[in-house]
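S.K.: Structure incoming, see below.
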Amino acid sequence: SEEQRQLWLDVHQSANATEAQRSEKVKRLQAMLSEDQMFLLKKALITQEASQKASKLDVDPTAYTCVHMWLGGCGFGSEVNSLMSAAVFCMQNGLDCIVEDDGWNSGRLHDFVNAEPCILKSCRWGSRCRPLEIRRDKRQATTGWFLICGHAKGVSFQEKSALAQKVWSYTVETERRLKELNRDLNLPGAYVAVQIRRGDKVAGSRRETLKVTISDYVRAAAAPSAAP
């Protein structure tokens with residue numbers, strides 16, 4: 001509604017307001033929203049907070065020898081996208097990019113792809129290492145995380161895509177397993193593959209996005225643009 005839009009603009013433009021004033025504005029807006037709208041508002045506020053922190057950072061990349069990027073419990077695509085952003089930052093600033101994936105819930109990056117020399121599996125600097133650490137855990141993150149987020153806003157999709165194509169070269173074992181899986185599935189020449197995510201992705205306290213219905217998937221697959 002127009003009233004909701006005006007309240008959102010008021011919240012969005014309240015950077016100079018006190019914490020109490022901004023909190024009151026957010027509460028007024030929340031009282032008018034549906035559950036889905038509330039979820040989207042929270043995501044927008046988190047993004048806004050991260051952008052504000054990133055814009056205020058004054059970090060000299062030459063003070064570091066390398067970037068250490070920790071992969072953790074977020075989704076595969078989210079983690080890899082963040083890693084690509086870190087790698088672009090490193091390339092543009094002459095730093096090594098080291099992935100720290102001991103605790104990654106998807107495994108070890110270099111078991112899947114031949115990411116070196118763009119992304120290294122270990123640091124070569126030894127005792128001379130001066131790392132810029134990039135970590136995030138729920139609502140907490142390091143300065144390096146906000147720096148990379150801010151830098152990524154100025155990186156084009158083409159730049160990130162070019163790097164991803166260099167990195168995304170399957171290892172021999174990954175290639176073998178993919179061919180084996182494709183043989184087992186016996187897929188036709190043209191097909192549509194859909195991953196339907198439910199559970200905590202779309203519900204509960206760890207919800208990450210709005211629910212997409214089965215009919216939405218069917219309409220997208222049946223659209224003329226989806227035809228082979």
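In the structure tokens, each chain is lettered A, B, ... as it comes, each chain's residues begin at 1, and ligands are numbered from 1 in order of appearance.
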With only C-alpha atoms as the counted atoms, please give the residues lying no more than 9 Å from stretch 96-105 of chain A, apart from itself and same-chain residues fewer than 2 positions off, as a PDB file with N, CA and C atoms, in the first residue's frame.
M.R.:
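Contents of the output file around02.pdb:
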ATOM      1  N   THR A  65      49.105  -9.899   2.926  1.00  0.00           N
ATOM      2  CA  THR A  65      49.748 -10.759   1.936  1.00  0.00           C
ATOM      3  C   THR A  65      48.738 -11.626   1.211  1.00  0.00           C
ATOM      4  N   CYS A  66      47.604 -11.855   1.865  1.00  0.00           N
ATOM      5  CA  CYS A  66      46.652 -12.819   1.313  1.00  0.00           C
ATOM      6  C   CYS A  66      45.284 -12.657   1.967  1.00  0.00           C
ATOM      7  N   VAL A  67      44.308 -13.272   1.327  1.00  0.00           N
ATOM      8  CA  VAL A  67      42.947 -13.326   1.854  1.00  0.00           C
ATOM      9  C   VAL A  67      42.644 -14.776   2.207  1.00  0.00           C
ATOM     10  N   HIS A  68      42.150 -14.998   3.428  1.00  0.00           N
ATOM     11  CA  HIS A  68      41.720 -16.334   3.843  1.00  0.00           C
ATOM     12  C   HIS A  68      40.197 -16.326   3.943  1.00  0.00           C
ATOM     13  N   MET A  69      39.570 -17.111   3.075  1.00  0.00           N
ATOM     14  CA  MET A  69      38.112 -17.145   2.986  1.00  0.00           C
ATOM     15  C   MET A  69      37.595 -18.438   3.585  1.00  0.00           C
ATOM     16  N   TRP A  70      36.825 -18.323   4.674  1.00  0.00           N
ATOM     17  CA  TRP A  70      36.248 -19.494   5.342  1.00  0.00           C
ATOM     18  C   TRP A  70      34.909 -19.857   4.719  1.00  0.00           C
ATOM     19  N   LEU A  71      34.746 -21.111   4.342  1.00  0.00           N
ATOM     20  CA  LEU A  71      33.462 -21.637   3.895  1.00  0.00           C
ATOM     21  C   LEU A  71      32.846 -22.403   5.051  1.00  0.00           C
ATOM     22  N   GLY A  72      31.545 -22.196   5.258  1.00  0.00           N
ATOM     23  CA  GLY A  72      30.926 -22.811   6.431  1.00  0.00           C
ATOM     24  C   GLY A  72      29.609 -23.484   6.143  1.00  0.00           C
ATOM     25  N   GLY A  73      28.557 -23.037   6.839  1.00  0.00           N
ATOM     26  CA  GLY A  73      27.286 -23.747   6.810  1.00  0.00           C
ATOM     27  C   GLY A  73      26.228 -23.171   5.901  1.00  0.00           C
ATOM     28  N   CYS A  74      26.576 -22.172   5.092  1.00  0.00           N
ATOM     29  CA  CYS A  74      25.573 -21.620   4.175  1.00  0.00           C
ATOM     30  C   CYS A  74      25.461 -22.508   2.945  1.00  0.00           C
ATOM     31  N   GLY A  75      24.486 -22.213   2.096  1.00  0.00           N
ATOM     32  CA  GLY A  75      24.256 -23.019   0.905  1.00  0.00           C
ATOM     33  C   GLY A  75      25.453 -23.045  -0.037  1.00  0.00           C
ATOM     34  N   PHE A  76      25.544 -24.106  -0.838  1.00  0.00           N
ATOM     35  CA  PHE A  76      26.669 -24.277  -1.754  1.00  0.00           C
ATOM     36  C   PHE A  76      26.829 -23.061  -2.672  1.00  0.00           C
ATOM     37  N   LEU A  83      33.020 -16.771  -2.447  1.00  0.00           N
ATOM     38  CA  LEU A  83      34.413 -17.115  -2.719  1.00  0.00           C
ATOM     39  C   LEU A  83      34.872 -16.488  -4.034  1.00  0.00           C
ATOM     40  N   ALA A  86      35.654 -12.911  -3.397  1.00  0.00           N
ATOM     41  CA  ALA A  86      36.942 -12.775  -2.720  1.00  0.00           C
ATOM     42  C   ALA A  86      38.090 -12.968  -3.700  1.00  0.00           C
ATOM     43  N   ALA A  87      37.958 -13.929  -4.616  1.00  0.00           N
ATOM     44  CA  ALA A  87      39.010 -14.201  -5.598  1.00  0.00           C
ATOM     45  C   ALA A  87      39.207 -13.026  -6.556  1.00  0.00           C
ATOM     46  N   PHE A  89      38.576  -9.874  -5.847  1.00  0.00           N
ATOM     47  CA  PHE A  89      39.239  -8.856  -5.023  1.00  0.00           C
ATOM     48  C   PHE A  89      40.744  -9.125  -4.967  1.00  0.00           C
ATOM     49  N   CYS A  90      41.121 -10.379  -4.771  1.00  0.00           N
ATOM     50  CA  CYS A  90      42.530 -10.751  -4.682  1.00  0.00           C
ATOM     51  C   CYS A  90      43.260 -10.492  -6.000  1.00  0.00           C
ATOM     52  N   MET A  91      42.637 -10.860  -7.097  1.00  0.00           N
ATOM     53  CA  MET A  91      43.261 -10.663  -8.408  1.00  0.00           C
ATOM     54  C   MET A  91      43.506  -9.191  -8.691  1.00  0.00           C
ATOM     55  N   GLY A  94      46.410  -8.005  -6.181  1.00  0.00           N
ATOM     56  CA  GLY A  94      47.668  -8.725  -6.126  1.00  0.00           C
ATOM     57  C   GLY A  94      47.861  -9.555  -4.869  1.00  0.00           C
ATOM     58  N   GLY A 107      32.026 -30.241   1.630  1.00  0.00           N
ATOM     59  CA  GLY A 107      33.245 -31.004   1.351  1.00  0.00           C
ATOM     60  C   GLY A 107      34.460 -30.099   1.199  1.00  0.00           C
ATOM     61  N   ARG A 108      35.367 -30.452   0.295  1.00  0.00           N
ATOM     62  CA  ARG A 108      36.584 -29.686   0.048  1.00  0.00           C
ATOM     63  C   ARG A 108      36.573 -29.200  -1.398  1.00  0.00           C
ATOM     64  N   LEU A 109      36.766 -27.912  -1.601  1.00  0.00           N
ATOM     65  CA  LEU A 109      36.652 -27.314  -2.938  1.00  0.00           C
ATOM     66  C   LEU A 109      37.550 -27.998  -3.960  1.00  0.00           C
ATOM     67  N   PRO A 117      45.610 -21.795 -10.102  1.00  0.00           N
ATOM     68  CA  PRO A 117      46.219 -20.923  -9.079  1.00  0.00           C
ATOM     69  C   PRO A 117      45.322 -19.772  -8.618  1.00  0.00           C
ATOM     70  N   CYS A 118      44.082 -19.713  -9.140  1.00  0.00           N
ATOM     71  CA  CYS A 118      43.200 -18.603  -8.760  1.00  0.00           C
ATOM     72  C   CYS A 118      42.844 -18.658  -7.271  1.00  0.00           C
ATOM     73  N   ILE A 119      42.556 -19.883  -6.797  1.00  0.00           N
ATOM     74  CA  ILE A 119      42.187 -20.094  -5.393  1.00  0.00           C
ATOM     75  C   ILE A 119      43.065 -21.214  -4.854  1.00  0.00           C
ATOM     76  N   LEU A 120      43.824 -20.920  -3.832  1.00  0.00           N
ATOM     77  CA  LEU A 120      44.782 -21.882  -3.291  1.00  0.00           C
ATOM     78  C   LEU A 120      44.186 -22.668  -2.130  1.00  0.00           C
ATOM     79  N   LYS A 121      44.690 -23.896  -1.938  1.00  0.00           N
ATOM     80  CA  LYS A 121      44.203 -24.724  -0.834  1.00  0.00           C
ATOM     81  C   LYS A 121      45.003 -24.509   0.448  1.00  0.00           C
ATOM     82  N   SER A 122      46.173 -23.874   0.348  1.00  0.00           N
ATOM     83  CA  SER A 122      46.982 -23.594   1.538  1.00  0.00           C
ATOM     84  C   SER A 122      47.791 -22.315   1.319  1.00  0.00           C
ATOM     85  N   CYS A 123      48.212 -21.702   2.410  1.00  0.00           N
ATOM     86  CA  CYS A 123      48.935 -20.430   2.359  1.00  0.00           C
ATOM     87  C   CYS A 123      50.433 -20.680   2.208  1.00  0.00           C
ATOM     88  N   ARG A 124      51.073 -19.935   1.303  1.00  0.00           N
ATOM     89  CA  ARG A 124      52.502 -20.113   1.058  1.00  0.00           C
ATOM     90  C   ARG A 124      53.370 -19.145   1.846  1.00  0.00           C
TER      91      ARG A 124
END
S.K.: Please report, as a ChimeraX atom specification, each residue of stretch 55-143 of chain A to which DSSP assigns strand (DSSP E or B) when run on this structure's backbone.
M.R.: /A:66-70,96-100,113,120,131-134,136-137,140-141
S.K.: How far is it from atom CA of A:Asp36 to atom CA of A:Thr213, in Å with one decimal?
M.R.: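 Atom CA of A:Asp36 sits 14.2 Å away from atom CA of A:Thr213.
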S.K.: So that I can see what lies close to A:Thr209, please list as a list in words the residues with an atom at most 9 Å from it, counting only C-alpha atoms and leaving out residues fewer than 4 positions away in the same chain.
M.R.: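 Near A:Thr209, the qualifying residues are Phe39, Leu40, Lys201, Val202 and Ala203 of chain A.
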S.K.: Residues as selected, C-alpha atoms, written as an mmCIF file, in the first residue's frame, can you do that?
M.R.:
data_model
loop_
_atom_site.group_PDB
_atom_site.id
_atom_site.type_symbol
_atom_site.label_atom_id
_atom_site.label_comp_id
_atom_site.auth_asym_id
_atom_site.auth_seq_id
_atom_site.Cartn_x
_atom_site.Cartn_y
_atom_site.Cartn_z
ATOM 1 C CA PHE A 39 10.502 -11.633 6.140
ATOM 2 C CA LEU A 40 11.441 -9.522 3.120
ATOM 3 C CA LYS A 201 14.714 -22.938 3.382
ATOM 4 C CA VAL A 202 11.184 -21.512 3.324
ATOM 5 C CA ALA A 203 9.906 -21.895 6.895
#
S.K.: Which one is closest to A:Leu210: A:Gln21, A:Asn93, A:Gln195, A:Gln37? Count only C-alpha atoms.
M.R.: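 The shortest atom-to-atom distance to A:Leu210 comes from A:Gln37.
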S.K.: So which residues touch A:Tyr64 within 9 Å, counting only C-alpha atoms, skipping near sequence neighbours fewer than 5 positions away, as an MDAnalysis selection string?
M.R.: chainID A and resid 95 129:132
S.K.: Since we have the selection now, will you write its residues out, keeping all heavy atoms, as an mmCIF file, in the first residue's frame?
M.R.:
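Contents of the output file selection-v6.cif:
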data_model
loop_
_atom_site.group_PDB
_atom_site.id
_atom_site.type_symbol
_atom_site.label_atom_id
_atom_site.label_comp_id
_atom_site.auth_asym_id
_atom_site.auth_seq_id
_atom_site.Cartn_x
_atom_site.Cartn_y
_atom_site.Cartn_z
ATOM 1 N N LEU A 95 46.774 -10.143 -4.353
ATOM 2 C CA LEU A 95 46.844 -10.956 -3.138
ATOM 3 C C LEU A 95 46.547 -12.421 -3.457
ATOM 4 O O LEU A 95 45.839 -12.729 -4.419
ATOM 5 C CB LEU A 95 45.825 -10.455 -2.105
ATOM 6 C CG LEU A 95 45.960 -9.003 -1.641
ATOM 7 C CD1 LEU A 95 44.791 -8.635 -0.732
ATOM 8 C CD2 LEU A 95 47.279 -8.776 -0.941
ATOM 9 N N CYS A 129 52.896 -14.481 6.895
ATOM 10 C CA CYS A 129 51.487 -14.323 6.500
ATOM 11 C C CYS A 129 50.828 -13.174 7.263
ATOM 12 O O CYS A 129 50.862 -13.112 8.487
ATOM 13 C CB CYS A 129 50.730 -15.623 6.759
ATOM 14 S SG CYS A 129 48.956 -15.522 6.437
ATOM 15 N N ARG A 130 50.213 -12.253 6.520
ATOM 16 C CA ARG A 130 49.402 -11.174 7.100
ATOM 17 C C ARG A 130 48.013 -11.289 6.457
ATOM 18 O O ARG A 130 47.737 -10.648 5.446
ATOM 19 C CB ARG A 130 50.015 -9.799 6.823
ATOM 20 C CG ARG A 130 51.427 -9.617 7.364
ATOM 21 C CD ARG A 130 51.879 -8.151 7.299
ATOM 22 N NE ARG A 130 51.728 -7.587 5.968
ATOM 23 C CZ ARG A 130 52.606 -7.716 4.965
ATOM 24 N NH1 ARG A 130 53.708 -8.421 5.154
ATOM 25 N NH2 ARG A 130 52.396 -7.167 3.788
ATOM 26 N N PRO A 131 47.156 -12.129 7.033
ATOM 27 C CA PRO A 131 45.890 -12.464 6.362
ATOM 28 C C PRO A 131 44.774 -11.454 6.597
ATOM 29 O O PRO A 131 44.619 -10.902 7.689
ATOM 30 C CB PRO A 131 45.531 -13.802 6.995
ATOM 31 C CG PRO A 131 46.071 -13.683 8.390
ATOM 32 C CD PRO A 131 47.351 -12.888 8.271
ATOM 33 N N LEU A 132 44.010 -11.223 5.556
ATOM 34 C CA LEU A 132 42.722 -10.540 5.673
ATOM 35 C C LEU A 132 41.695 -11.656 5.776
ATOM 36 O O LEU A 132 41.481 -12.406 4.817
ATOM 37 C CB LEU A 132 42.446 -9.672 4.450
ATOM 38 C CG LEU A 132 41.060 -9.007 4.388
ATOM 39 C CD1 LEU A 132 40.863 -8.048 5.559
ATOM 40 C CD2 LEU A 132 40.855 -8.285 3.066
#
S.K.: Please measure the separation of atom CA of A:Ser23 and atom CA of A:Gln6, giving the value in Å to one decimal.
M.R.: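 Answer for the atom CA of A:Ser23 to atom CA of A:Gln6 separation: 15.9 Å.
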S.K.: Could you please write out, as an mmCIF file with C-alpha atoms, in the first residue's frame, every residue of stretch 23-176 of chain A that DSSP assigns to helix (DSSP H, G or I)?
M.R.:
data_model
loop_
_atom_site.group_PDB
_atom_site.id
_atom_site.type_symbol
_atom_site.label_atom_id
_atom_site.label_comp_id
_atom_site.auth_asym_id
_atom_site.auth_seq_id
_atom_site.Cartn_x
_atom_site.Cartn_y
_atom_site.Cartn_z
ATOM 1 C CA SER A 23 13.604 1.230 15.975
ATOM 2 C CA GLU A 24 10.264 2.965 16.446
ATOM 3 C CA LYS A 25 9.890 3.504 12.695
ATOM 4 C CA VAL A 26 10.665 -0.157 12.004
ATOM 5 C CA LYS A 27 8.086 -1.266 14.595
ATOM 6 C CA ARG A 28 5.411 0.917 12.960
ATOM 7 C CA LEU A 29 6.184 -0.623 9.587
ATOM 8 C CA GLN A 30 6.250 -4.194 10.949
ATOM 9 C CA GLU A 35 4.428 -12.678 7.409
ATOM 10 C CA ASP A 36 6.051 -12.777 3.954
ATOM 11 C CA GLN A 37 6.402 -8.993 3.865
ATOM 12 C CA MET A 38 7.981 -9.075 7.332
ATOM 13 C CA PHE A 39 10.502 -11.633 6.140
ATOM 14 C CA LEU A 40 11.441 -9.522 3.120
ATOM 15 C CA LEU A 41 11.753 -6.434 5.315
ATOM 16 C CA LYS A 42 14.193 -8.177 7.646
ATOM 17 C CA LYS A 43 16.307 -9.287 4.690
ATOM 18 C CA ALA A 44 16.318 -5.745 3.302
ATOM 19 C CA LEU A 45 17.356 -4.275 6.662
ATOM 20 C CA ILE A 46 20.221 -6.784 6.966
ATOM 21 C CA THR A 47 21.387 -5.913 3.447
ATOM 22 C CA GLN A 48 21.149 -2.217 4.228
ATOM 23 C CA GLU A 49 23.165 -2.642 7.427
ATOM 24 C CA ALA A 50 25.884 -4.571 5.573
ATOM 25 C CA SER A 51 26.041 -1.929 2.833
ATOM 26 C CA GLN A 52 26.386 0.865 5.373
ATOM 27 C CA LYS A 53 29.209 -0.940 7.176
ATOM 28 C CA ALA A 54 30.986 -1.687 3.896
ATOM 29 C CA SER A 55 30.782 1.943 2.758
ATOM 30 C CA PRO A 61 44.880 -4.088 0.771
ATOM 31 C CA THR A 62 48.652 -3.613 0.666
ATOM 32 C CA ALA A 63 48.749 -4.228 4.422
ATOM 33 C CA PHE A 76 26.669 -24.277 -1.754
ATOM 34 C CA GLY A 77 25.798 -21.540 -4.249
ATOM 35 C CA SER A 78 25.982 -18.773 -1.650
ATOM 36 C CA GLU A 79 29.386 -19.890 -0.395
ATOM 37 C CA VAL A 80 30.878 -20.302 -3.878
ATOM 38 C CA ASN A 81 29.522 -16.927 -4.980
ATOM 39 C CA SER A 82 31.175 -15.257 -1.980
ATOM 40 C CA LEU A 83 34.413 -17.115 -2.719
ATOM 41 C CA MET A 84 34.360 -15.845 -6.327
ATOM 42 C CA SER A 85 33.944 -12.290 -5.009
ATOM 43 C CA ALA A 86 36.942 -12.775 -2.720
ATOM 44 C CA ALA A 87 39.010 -14.201 -5.598
ATOM 45 C CA VAL A 88 38.215 -11.213 -7.842
ATOM 46 C CA PHE A 89 39.239 -8.856 -5.023
ATOM 47 C CA CYS A 90 42.530 -10.751 -4.682
ATOM 48 C CA MET A 91 43.261 -10.663 -8.408
ATOM 49 C CA GLN A 92 42.654 -6.931 -8.573
ATOM 50 C CA ASN A 93 44.845 -6.243 -5.533
ATOM 51 C CA LEU A 109 36.652 -27.314 -2.938
ATOM 52 C CA HIS A 110 39.758 -28.774 -4.563
ATOM 53 C CA ASP A 111 38.226 -32.253 -4.474
ATOM 54 C CA PHE A 112 35.639 -30.969 -6.965
ATOM 55 C CA GLY A 126 54.264 -19.144 6.468
ATOM 56 C CA SER A 127 55.416 -16.907 9.336
ATOM 57 C CA ARG A 128 55.219 -13.865 7.026
ATOM 58 C CA THR A 143 35.760 -6.654 8.671
ATOM 59 C CA GLY A 144 37.046 -8.603 5.672
ATOM 60 C CA TRP A 145 33.557 -9.912 4.983
ATOM 61 C CA PHE A 146 32.081 -6.422 4.753
ATOM 62 C CA LEU A 147 35.029 -5.253 2.652
ATOM 63 C CA ILE A 148 34.465 -8.006 0.087
ATOM 64 C CA CYS A 149 30.708 -7.321 0.038
ATOM 65 C CA GLY A 150 31.353 -3.653 -0.681
ATOM 66 C CA HIS A 151 33.945 -4.406 -3.349
ATOM 67 C CA ALA A 152 31.645 -6.926 -5.062
ATOM 68 C CA PHE A 157 28.812 -10.152 -13.778
ATOM 69 C CA GLN A 158 31.144 -10.651 -16.759
ATOM 70 C CA GLU A 159 34.251 -10.324 -14.551
ATOM 71 C CA LYS A 160 32.980 -12.826 -12.012
ATOM 72 C CA SER A 161 31.800 -15.169 -14.765
ATOM 73 C CA ALA A 162 35.222 -15.120 -16.463
ATOM 74 C CA LEU A 163 36.911 -16.094 -13.198
ATOM 75 C CA ALA A 164 34.339 -18.815 -12.476
ATOM 76 C CA GLN A 165 35.027 -20.388 -15.875
ATOM 77 C CA LYS A 166 38.744 -20.566 -15.052
ATOM 78 C CA VAL A 167 38.101 -22.110 -11.642
ATOM 79 C CA VAL A 172 39.350 -36.273 -12.896
ATOM 80 C CA GLU A 173 37.375 -37.939 -10.104
ATOM 81 C CA THR A 174 34.536 -35.418 -10.280
ATOM 82 C CA GLU A 175 34.344 -35.845 -14.066
ATOM 83 C CA ARG A 176 34.205 -39.629 -13.671
#
S.K.: Could you tell me how far atom CA of A:Thr171 sits from atom CA of A:Asp184, in Å to one decimal place?
M.R.: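 Distance between the two atoms: 20.1 Å.
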